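So this one's coords23.pdb, PDB, C-alpha atoms:
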MODEL        1
ATOM      1  CA  SER A   1    -129.587  -3.994  37.261
ATOM      2  CA  GLY A   2    -128.257  -4.149  33.723
ATOM      3  CA  LEU A   3    -127.851  -7.934  33.484
ATOM      4  CA  ASP A   4    -130.940  -9.394  31.864
ATOM      5  CA  PRO A   5    -131.484 -12.936  33.235
ATOM      6  CA  SER A   6    -132.556 -14.137  29.780
ATOM      7  CA  PHE A   7    -129.010 -13.591  28.461
ATOM      8  CA  ALA A   8    -126.679 -16.608  28.345
ATOM      9  CA  GLY A   9    -123.748 -14.432  29.355
ATOM     10  CA  CYS A  10    -122.131 -11.035  29.249
ATOM     11  CA  MET A  11    -118.765  -9.718  28.155
ATOM     12  CA  LEU A  12    -117.013  -7.208  30.362
ATOM     13  CA  TRP A  13    -114.444  -5.181  28.434
ATOM     14  CA  PRO A  14    -112.565  -2.399  30.217
ATOM     15  CA  VAL A  15    -112.414   0.815  28.201
ATOM     16  CA  ASP A  16    -108.679   1.118  28.860
ATOM     17  CA  GLN A  17    -108.015  -1.871  26.587
ATOM     18  CA  PRO A  18    -109.189  -0.614  23.180
ATOM     19  CA  GLY A  19    -106.828  -2.603  20.955
ATOM     20  CA  ILE A  20    -108.380  -6.047  21.233
ATOM     21  CA  SER A  21    -109.129  -7.495  17.819
ATOM     22  CA  GLU A  22    -112.442  -8.673  16.475
ATOM     23  CA  ASN A  23    -110.867 -12.131  16.039
ATOM     24  CA  THR A  24    -110.066 -12.393  19.741
ATOM     25  CA  VAL A  25    -113.546 -11.240  20.741
ATOM     26  CA  GLY A  26    -115.085 -13.807  18.383
ATOM     27  CA  ALA A  27    -112.819 -16.570  19.695
ATOM     28  CA  LEU A  28    -113.784 -15.751  23.303
ATOM     29  CA  ILE A  29    -117.484 -15.892  22.453
ATOM     30  CA  LYS A  30    -117.049 -19.149  20.529
ATOM     31  CA  GLN A  31    -115.123 -20.719  23.422
ATOM     32  CA  PHE A  32    -117.851 -19.582  25.828
ATOM     33  CA  ILE A  33    -120.645 -21.042  23.670
ATOM     34  CA  ASP A  34    -118.832 -24.268  22.762
ATOM     35  CA  GLY A  35    -117.114 -24.985  26.064
ATOM     36  CA  GLY A  36    -119.750 -24.364  28.691
ATOM     37  CA  ALA A  37    -117.376 -22.820  31.264
ATOM     38  CA  PRO A  38    -119.007 -20.090  33.370
ATOM     39  CA  LEU A  39    -116.030 -17.792  32.822
ATOM     40  CA  VAL A  40    -113.787 -17.352  29.768
ATOM     41  CA  LEU A  41    -110.695 -15.129  29.723
ATOM     42  CA  PRO A  42    -107.890 -14.568  27.246
ATOM     43  CA  CYS A  43    -104.415 -15.547  28.402
ATOM     44  CA  CYS A  44    -101.337 -13.890  26.884
ATOM     45  CA  GLY A  45     -98.161 -15.599  28.012
ATOM     46  CA  GLU A  46     -98.813 -16.488  31.623
ATOM     47  CA  LYS A  47    -101.095 -13.515  32.302
ATOM     48  CA  ARG A  48    -104.895 -13.526  32.226
ATOM     49  CA  GLY A  49    -106.430 -10.543  30.494
ATOM     50  CA  HIS A  50    -109.595  -8.949  29.150
ATOM     51  CA  PRO A  51    -112.285  -8.972  27.988
ATOM     52  CA  ALA A  52    -113.939 -11.609  30.143
ATOM     53  CA  VAL A  53    -117.089 -13.541  29.344
ATOM     54  CA  PHE A  54    -119.289 -14.429  32.333
ATOM     55  CA  SER A  55    -122.194 -16.855  32.221
ATOM     56  CA  ARG A  56    -125.656 -16.092  33.536
ATOM     57  CA  SER A  57    -124.868 -18.330  36.528
ATOM     58  CA  LEU A  58    -122.488 -15.595  37.757
ATOM     59  CA  PHE A  59    -124.800 -12.585  37.236
ATOM     60  CA  LYS A  60    -126.052 -12.480  40.835
ATOM     61  CA  GLU A  61    -122.505 -12.699  42.174
ATOM     62  CA  ILE A  62    -121.389  -9.931  39.780
ATOM     63  CA  GLN A  63    -124.228  -7.682  40.929
ATOM     64  CA  GLU A  64    -123.469  -8.332  44.602
ATOM     65  CA  THR A  65    -119.771  -7.512  44.265
ATOM     66  CA  PRO A  66    -118.977  -4.085  45.743
ATOM     67  CA  LEU A  67    -117.727  -1.634  43.100
ATOM     68  CA  HIS A  68    -114.584  -0.831  45.086
ATOM     69  CA  GLU A  69    -113.663  -4.549  45.028
ATOM     70  CA  GLY A  70    -114.029  -5.093  41.302
ATOM     71  CA  LEU A  71    -114.400  -8.594  39.900
ATOM     72  CA  LYS A  72    -110.881  -9.867  40.614
ATOM     73  CA  MET A  73    -111.997 -11.847  43.679
ATOM     74  CA  LEU A  74    -114.920 -13.348  41.750
ATOM     75  CA  VAL A  75    -112.500 -14.482  39.039
ATOM     76  CA  LEU A  76    -110.208 -16.003  41.677
ATOM     77  CA  ARG A  77    -113.138 -17.795  43.346
ATOM     78  CA  HIS A  78    -114.060 -19.366  40.006
ATOM     79  CA  SER A  79    -110.542 -19.995  38.695
ATOM     80  CA  HIS A  80    -111.011 -23.778  38.978
ATOM     81  CA  GLU A  81    -113.882 -23.653  36.488
ATOM     82  CA  MET A  82    -112.706 -20.927  34.105
ATOM     83  CA  SER A  83    -111.622 -21.531  30.539
ATOM     84  CA  LEU A  84    -108.584 -19.679  29.190
ATOM     85  CA  LEU A  85    -108.152 -18.713  25.544
ATOM     86  CA  PRO A  86    -104.430 -18.736  24.694
ATOM     87  CA  THR A  87    -103.499 -15.682  22.616
ATOM     88  CA  ASN A  88    -100.457 -13.730  21.518
ATOM     89  CA  GLU A  89    -102.514 -10.539  21.458
ATOM     90  CA  PHE A  90    -100.700  -8.223  23.866
ATOM     91  CA  ALA A  91    -103.665  -5.804  23.877
ATOM     92  CA  THR A  92    -105.549  -8.267  26.114
ATOM     93  CA  ILE A  93    -103.144  -7.517  28.968
ATOM     94  CA  LYS A  94    -102.042  -3.939  28.196
ATOM     95  CA  ASP A  95    -103.913  -0.966  29.658
ATOM     96  CA  ILE A  96    -103.940   2.384  27.878
ATOM     97  CA  ASP A  97    -104.049   4.732  30.867
ATOM     98  CA  THR A  98    -101.936   7.746  29.923
ATOM     99  CA  PRO A  99    -101.246   9.885  26.845
ATOM    100  CA  GLU A 100     -97.830   8.207  26.702
ATOM    101  CA  ASP A 101     -99.454   4.748  26.661
ATOM    102  CA  TYR A 102    -101.720   5.942  23.853
ATOM    103  CA  PHE A 103     -98.749   7.204  21.831
ATOM    104  CA  LYS A 104     -96.916   3.884  22.223
ATOM    105  CA  PHE A 105    -100.026   1.994  21.153
ATOM    106  CA  ILE A 106    -101.223   4.164  18.256
ATOM    107  CA  GLY A 107     -98.038   5.935  17.168
ATOM    108  CA  GLU A 108     -99.463   9.435  17.405
ATOM    109  CA  THR A 109    -100.207  11.837  20.214
ATOM    110  CA  LEU A 110    -103.632  12.068  21.747
ATOM    111  CA  GLU A 111    -103.787  15.718  20.664
ATOM    112  CA  ALA A 112    -103.118  14.757  17.013
ATOM    113  CA  ALA A 113    -105.785  12.052  17.117
ATOM    114  CA  LEU A 114    -108.328  14.435  18.648
ATOM    115  CA  ALA A 115    -107.478  17.121  16.081
ATOM    116  CA  LYS A 116    -108.318  14.675  13.270
ATOM    117  CA  GLY A 117    -111.760  14.180  14.763
ATOM    118  CA  THR A 118    -112.584  17.889  14.578
ATOM    119  CA  LYS A 119    -111.706  18.343  10.888
TER     120      LYS A 119
ENDMDL
END
Structure rendered as structure tokens:
Amino acid sequence: SGLDPSFAGCMLWPVDQPGISENTVGALIKQFIDGGAPLVLPCCGEKRGHPAVFSRSLFKEIQETPLHEGLKMLVLRHSHEMSLLPTNEFATIKDIDTPEDYFKFIGETLEAALAKGTK
């Protein structure tokens, strides 16, 4: 189990959403600390996004959730007590799943980006 019970909370940030700004991450953490809700999510337009901050009170439920289910049902079960952070940051709701998605997001091909890393 990777969720230390001494932690106040944890942030779950899918790797397919790399463009989320430091400001948004900081605002989510601040809202979690200041607001006391067990679950804090960004909301862009009408859509909830990532990353999500979960309080320690949800750790056991997170650990008991089958991997194939993901945490969507947990979020729905706790929707009445979640806190949403309004944002215009589209990266909170946009997945980068394909080389084409990467190109649209970054403006260069994946091959070009990888080539830079080897020089």
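Put simply, CA of Ala91 (chain A) is 21.8 Å away from CA of Glu111 (chain A).
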Using all atoms listed in the file, find all polymer residues with an atom at most 12 Å away from the point (-113.0, -17.8, 23.7); report them as a PyMOL selection string. chain A and resi 11+22-43+49-54+82-87
Output file for the residues above (C-alpha atoms, as a JSON list (two decimals), keeping the file's coordinate frame):
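Contents of the output file out13.json:
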[["chain", "number", "residue", "atom", "x", "y", "z"],
["A", 11, "MET", "CA", -118.76, -9.72, 28.16],
["A", 22, "GLU", "CA", -112.44, -8.67, 16.48],
["A", 23, "ASN", "CA", -110.87, -12.13, 16.04],
["A", 24, "THR", "CA", -110.07, -12.39, 19.74],
["A", 25, "VAL", "CA", -113.55, -11.24, 20.74],
["A", 26, "GLY", "CA", -115.08, -13.81, 18.38],
["A", 27, "ALA", "CA", -112.82, -16.57, 19.70],
["A", 28, "LEU", "CA", -113.78, -15.75, 23.30],
["A", 29, "ILE", "CA", -117.48, -15.89, 22.45],
["A", 30, "LYS", "CA", -117.05, -19.15, 20.53],
["A", 31, "GLN", "CA", -115.12, -20.72, 23.42],
["A", 32, "PHE", "CA", -117.85, -19.58, 25.83],
["A", 33, "ILE", "CA", -120.64, -21.04, 23.67],
["A", 34, "ASP", "CA", -118.83, -24.27, 22.76],
["A", 35, "GLY", "CA", -117.11, -24.98, 26.06],
["A", 36, "GLY", "CA", -119.75, -24.36, 28.69],
["A", 37, "ALA", "CA", -117.38, -22.82, 31.26],
["A", 38, "PRO", "CA", -119.01, -20.09, 33.37],
["A", 39, "LEU", "CA", -116.03, -17.79, 32.82],
["A", 40, "VAL", "CA", -113.79, -17.35, 29.77],
["A", 41, "LEU", "CA", -110.70, -15.13, 29.72],
["A", 42, "PRO", "CA", -107.89, -14.57, 27.25],
["A", 43, "CYS", "CA", -104.42, -15.55, 28.40],
["A", 49, "GLY", "CA", -106.43, -10.54, 30.49],
["A", 50, "HIS", "CA", -109.60, -8.95, 29.15],
["A", 51, "PRO", "CA", -112.28, -8.97, 27.99],
["A", 52, "ALA", "CA", -113.94, -11.61, 30.14],
["A", 53, "VAL", "CA", -117.09, -13.54, 29.34],
["A", 54, "PHE", "CA", -119.29, -14.43, 32.33],
["A", 82, "MET", "CA", -112.71, -20.93, 34.10],
["A", 83, "SER", "CA", -111.62, -21.53, 30.54],
["A", 84, "LEU", "CA", -108.58, -19.68, 29.19],
["A", 85, "LEU", "CA", -108.15, -18.71, 25.54],
["A", 86, "PRO", "CA", -104.43, -18.74, 24.69],
["A", 87, "THR", "CA", -103.50, -15.68, 22.62]]
Could you name the residues that touch Asp4 (chain A) at 12 Å or less, counting only C-alpha atoms, but leaving out those on the same chain fewer than 4 positions away, as a ChimeraX atom specification? /A:8-10,55-57,59-60,63
Residues matched by the PyMOL selection byres ((chain A and resi 105) around 10) as a ChimeraX atom specification: /A:18-19,91,94-96,99-104,106-109
All file atoms of region 15-24 of chain A boxed axis-aligned, 3 Å per side, centre plus edges, as lines of an AutoDock Vina configuration file:
center_x = -109.6
center_y = -5.6
center_z = 22.4
size_x = 11.6
size_y = 19.5
size_z = 18.8
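For the atom pair formed by CA of Arg77 (chain A) and CA of Thr65 (chain A), the distance is 12.3 Å, given to one decimal.
The space between CA of Arg48 (chain A) and CA of Ser21 (chain A) spans 16.2 Å.
Proximity of A:Lys116, A:Leu76, A:Asp97, A:Pro66 to Val15 (chain A), computed with only C-alpha atoms, is greatest for A:Asp97.
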Where atoms are lacking, region 45-72 of chain A completed to N, CA and C atoms, as a PDB file, in the coordinates of the input:
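File written: result_12.pdb
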ATOM      1  N   GLY A  45     -99.289 -15.138  27.205  1.00  0.00           N
ATOM      2  CA  GLY A  45     -98.161 -15.599  28.012  1.00  0.00           C
ATOM      3  C   GLY A  45     -98.713 -16.315  29.221  1.00  0.00           C
ATOM      4  N   GLU A  46     -98.317 -15.892  30.374  1.00  0.00           N
ATOM      5  CA  GLU A  46     -98.813 -16.488  31.623  1.00  0.00           C
ATOM      6  C   GLU A  46     -99.844 -15.590  32.316  1.00  0.00           C
ATOM      7  N   LYS A  47    -100.233 -14.503  31.657  1.00  0.00           N
ATOM      8  CA  LYS A  47    -101.095 -13.515  32.302  1.00  0.00           C
ATOM      9  C   LYS A  47    -102.504 -13.548  31.734  1.00  0.00           C
ATOM     10  N   ARG A  48    -103.490 -13.619  32.639  1.00  0.00           N
ATOM     11  CA  ARG A  48    -104.895 -13.526  32.226  1.00  0.00           C
ATOM     12  C   ARG A  48    -105.218 -12.079  31.906  1.00  0.00           C
ATOM     13  N   GLY A  49    -106.109 -11.897  30.917  1.00  0.00           N
ATOM     14  CA  GLY A  49    -106.430 -10.543  30.494  1.00  0.00           C
ATOM     15  C   GLY A  49    -107.914 -10.298  30.334  1.00  0.00           C
ATOM     16  N   HIS A  50    -108.227  -9.388  29.434  1.00  0.00           N
ATOM     17  CA  HIS A  50    -109.595  -8.949  29.150  1.00  0.00           C
ATOM     18  C   HIS A  50    -109.813  -8.969  27.649  1.00  0.00           C
ATOM     19  N   PRO A  51    -111.043  -8.975  27.223  1.00  0.00           N
ATOM     20  CA  PRO A  51    -112.285  -8.972  27.988  1.00  0.00           C
ATOM     21  C   PRO A  51    -112.596 -10.350  28.558  1.00  0.00           C
ATOM     22  N   ALA A  52    -113.502 -10.370  29.507  1.00  0.00           N
ATOM     23  CA  ALA A  52    -113.939 -11.609  30.143  1.00  0.00           C
ATOM     24  C   ALA A  52    -115.393 -11.873  29.780  1.00  0.00           C
ATOM     25  N   VAL A  53    -115.704 -13.140  29.591  1.00  0.00           N
ATOM     26  CA  VAL A  53    -117.089 -13.541  29.344  1.00  0.00           C
ATOM     27  C   VAL A  53    -117.583 -14.298  30.575  1.00  0.00           C
ATOM     28  N   PHE A  54    -118.690 -13.832  31.136  1.00  0.00           N
ATOM     29  CA  PHE A  54    -119.289 -14.429  32.333  1.00  0.00           C
ATOM     30  C   PHE A  54    -120.631 -15.032  31.972  1.00  0.00           C
ATOM     31  N   SER A  55    -120.900 -16.219  32.484  1.00  0.00           N
ATOM     32  CA  SER A  55    -122.194 -16.855  32.221  1.00  0.00           C
ATOM     33  C   SER A  55    -123.268 -16.275  33.136  1.00  0.00           C
ATOM     34  N   ARG A  56    -124.503 -16.522  32.750  1.00  0.00           N
ATOM     35  CA  ARG A  56    -125.656 -16.092  33.536  1.00  0.00           C
ATOM     36  C   ARG A  56    -125.568 -16.601  34.975  1.00  0.00           C
ATOM     37  N   SER A  57    -124.968 -17.769  35.174  1.00  0.00           N
ATOM     38  CA  SER A  57    -124.868 -18.330  36.528  1.00  0.00           C
ATOM     39  C   SER A  57    -124.063 -17.433  37.478  1.00  0.00           C
ATOM     40  N   LEU A  58    -123.292 -16.496  36.931  1.00  0.00           N
ATOM     41  CA  LEU A  58    -122.488 -15.595  37.757  1.00  0.00           C
ATOM     42  C   LEU A  58    -123.093 -14.197  37.886  1.00  0.00           C
ATOM     43  N   PHE A  59    -124.218 -13.921  37.225  1.00  0.00           N
ATOM     44  CA  PHE A  59    -124.800 -12.585  37.236  1.00  0.00           C
ATOM     45  C   PHE A  59    -125.082 -12.085  38.646  1.00  0.00           C
ATOM     46  N   LYS A  60    -125.699 -12.913  39.475  1.00  0.00           N
ATOM     47  CA  LYS A  60    -126.052 -12.480  40.835  1.00  0.00           C
ATOM     48  C   LYS A  60    -124.790 -12.121  41.612  1.00  0.00           C
ATOM     49  N   GLU A  61    -123.769 -12.948  41.475  1.00  0.00           N
ATOM     50  CA  GLU A  61    -122.505 -12.699  42.174  1.00  0.00           C
ATOM     51  C   GLU A  61    -121.847 -11.412  41.658  1.00  0.00           C
ATOM     52  N   ILE A  62    -121.934 -11.169  40.356  1.00  0.00           N
ATOM     53  CA  ILE A  62    -121.389  -9.931  39.780  1.00  0.00           C
ATOM     54  C   ILE A  62    -122.113  -8.729  40.382  1.00  0.00           C
ATOM     55  N   GLN A  63    -123.435  -8.797  40.420  1.00  0.00           N
ATOM     56  CA  GLN A  63    -124.228  -7.682  40.929  1.00  0.00           C
ATOM     57  C   GLN A  63    -124.005  -7.438  42.417  1.00  0.00           C
ATOM     58  N   GLU A  64    -123.671  -8.473  43.159  1.00  0.00           N
ATOM     59  CA  GLU A  64    -123.469  -8.332  44.602  1.00  0.00           C
ATOM     60  C   GLU A  64    -122.047  -7.930  44.965  1.00  0.00           C
ATOM     61  N   THR A  65    -121.159  -7.881  43.996  1.00  0.00           N
ATOM     62  CA  THR A  65    -119.771  -7.512  44.265  1.00  0.00           C
ATOM     63  C   THR A  65    -119.667  -5.996  44.431  1.00  0.00           C
ATOM     64  N   PRO A  66    -119.122  -5.537  45.550  1.00  0.00           N
ATOM     65  CA  PRO A  66    -118.977  -4.085  45.743  1.00  0.00           C
ATOM     66  C   PRO A  66    -118.089  -3.477  44.650  1.00  0.00           C
ATOM     67  N   LEU A  67    -118.468  -2.294  44.177  1.00  0.00           N
ATOM     68  CA  LEU A  67    -117.727  -1.634  43.100  1.00  0.00           C
ATOM     69  C   LEU A  67    -116.257  -1.441  43.450  1.00  0.00           C
ATOM     70  N   HIS A  68    -115.977  -1.085  44.703  1.00  0.00           N
ATOM     71  CA  HIS A  68    -114.584  -0.831  45.086  1.00  0.00           C
ATOM     72  C   HIS A  68    -113.734  -2.108  45.032  1.00  0.00           C
ATOM     73  N   GLU A  69    -114.376  -3.275  45.090  1.00  0.00           N
ATOM     74  CA  GLU A  69    -113.663  -4.549  45.028  1.00  0.00           C
ATOM     75  C   GLU A  69    -113.317  -4.944  43.597  1.00  0.00           C
ATOM     76  N   GLY A  70    -114.194  -4.616  42.668  1.00  0.00           N
ATOM     77  CA  GLY A  70    -114.029  -5.093  41.302  1.00  0.00           C
ATOM     78  C   GLY A  70    -114.306  -6.593  41.240  1.00  0.00           C
ATOM     79  N   LEU A  71    -114.054  -7.182  40.089  1.00  0.00           N
ATOM     80  CA  LEU A  71    -114.400  -8.594  39.900  1.00  0.00           C
ATOM     81  C   LEU A  71    -113.211  -9.543  40.061  1.00  0.00           C
ATOM     82  N   LYS A  72    -112.067  -9.018  40.484  1.00  0.00           N
ATOM     83  CA  LYS A  72    -110.881  -9.867  40.614  1.00  0.00           C
ATOM     84  C   LYS A  72    -111.121 -11.037  41.580  1.00  0.00           C
TER      85      LYS A  72
END
